[in-house]
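These notes concern the structure reproduced below.
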Amino acid sequence: MNSSPDVPENREAEAIEEAKRGSEAAFEILYHAHKRRIYSLCLRMTGNTAEAEDLTQEAFLQMFRKIGTFRGESAFSTWLHRLAVNLVLMRLRKKSLSTFSLDETPGQDSEAPRVREFGAADMKLTGTVDRMALEKAIQALPAGYRMIFHLHDVEGYEHKEIAGMMGCSIGNSKSQLHKARMKLRELLPVRKAPAPEEEEDV
């Protein structure tokens, strides 16, 4: 993940160093550069605007407290997203929501020969789908599925990064994404393109 498109990479690096020294102006720069994506992340994971706003504020408070621990080993956005994901996971556990275990061993379906790679694009989800229907279907996914789907297919994280964030194996991340896509297929009214023979003039 790269720096925010709203802030040049070199300016973000300067703001991070200034923030470590306690500069409030630097914190403002980082907040405004990343607040939209962090809010979007929290909203998609929780499906609740009030909780998303609360978690976004909490994520930036954590950033304020912990920015001194940021060593630049990963992109700042990845580090900040990890803070937000951890906060969401803690909130879900506290509320005892029905979540799908990220430590679960993949089931029998993962042992069967795979028709395609887990990380490949799912062509059955690339039909014409109403955006609102898609959003509704994503929110209908179990929390565990929804988080993996959002991080991989929306935010663009790799399975290795997701596994580090979620505290699960790469294999489990792939399995969860596969099952999330399968569930979305059931929920979405995808309109299929006409068959080639229907398009030909006789």
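Residue numbering restarts at 1 in every chain; chains get A, B, ... in the order shown in the structure tokens, and ligands count up from 1 in that same order.
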
Give me the residues of range 133-181 of chain A that have any atom at most 10 Å from an atom of range 57-79 of chain A; for each, the nearest atom pair and the distance in Å, rounded to one decimal. Use only C-alpha atoms, sort by chain and number, and format it as a tab-separated table.
residue	atom	partner	partner_atom	distance
A:Tyr157	CA	A:Thr78	CA	8.8
A:Glu161	CA	A:Thr78	CA	8.5
A:Met165	CA	A:Thr78	CA	9.3

I need the residues from that last selection saved to file as an mmCIF file, in the first residue's frame (with N, CA and C atoms), if you can.
data_model
loop_
_atom_site.group_PDB
_atom_site.id
_atom_site.type_symbol
_atom_site.label_atom_id
_atom_site.label_comp_id
_atom_site.auth_asym_id
_atom_site.auth_seq_id
_atom_site.Cartn_x
_atom_site.Cartn_y
_atom_site.Cartn_z
ATOM 1 N N TYR A 157 -5.071 -5.329 -0.418
ATOM 2 C CA TYR A 157 -4.008 -5.984 0.339
ATOM 3 C C TYR A 157 -3.746 -7.386 -0.195
ATOM 4 N N GLU A 161 -0.198 -9.855 3.729
ATOM 5 C CA GLU A 161 -0.462 -8.701 4.591
ATOM 6 C C GLU A 161 -1.708 -8.930 5.441
ATOM 7 N N MET A 165 -2.287 -8.949 9.542
ATOM 8 C CA MET A 165 -3.257 -8.094 10.217
ATOM 9 C C MET A 165 -4.229 -8.896 11.068
#

Calculate how many Å separate CA of Lys20 in chain A from CA of Glu51 in chain A, rounding to one decimal.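 If I compute the distance from CA of Lys20 in chain A to CA of Glu51 in chain A, I get 27.9 Å.
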
Computed interatomic separation between CA of Leu134 in chain A and CA of Leu188 in chain A (Å):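 It comes out at 6.8 Å.
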
CA of Ala180 in chain A to CA of Tyr145 in chain A, distance in Å rounded to a single decimal: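 That distance, rounded to one decimal, is 5.1 Å.
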
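You can rank A:Leu80, A:Val88, A:Ile148, A:Leu43 by their closest distance to Ile170 in chain A using only C-alpha atoms, and at the top of that list sits A:Ile148.
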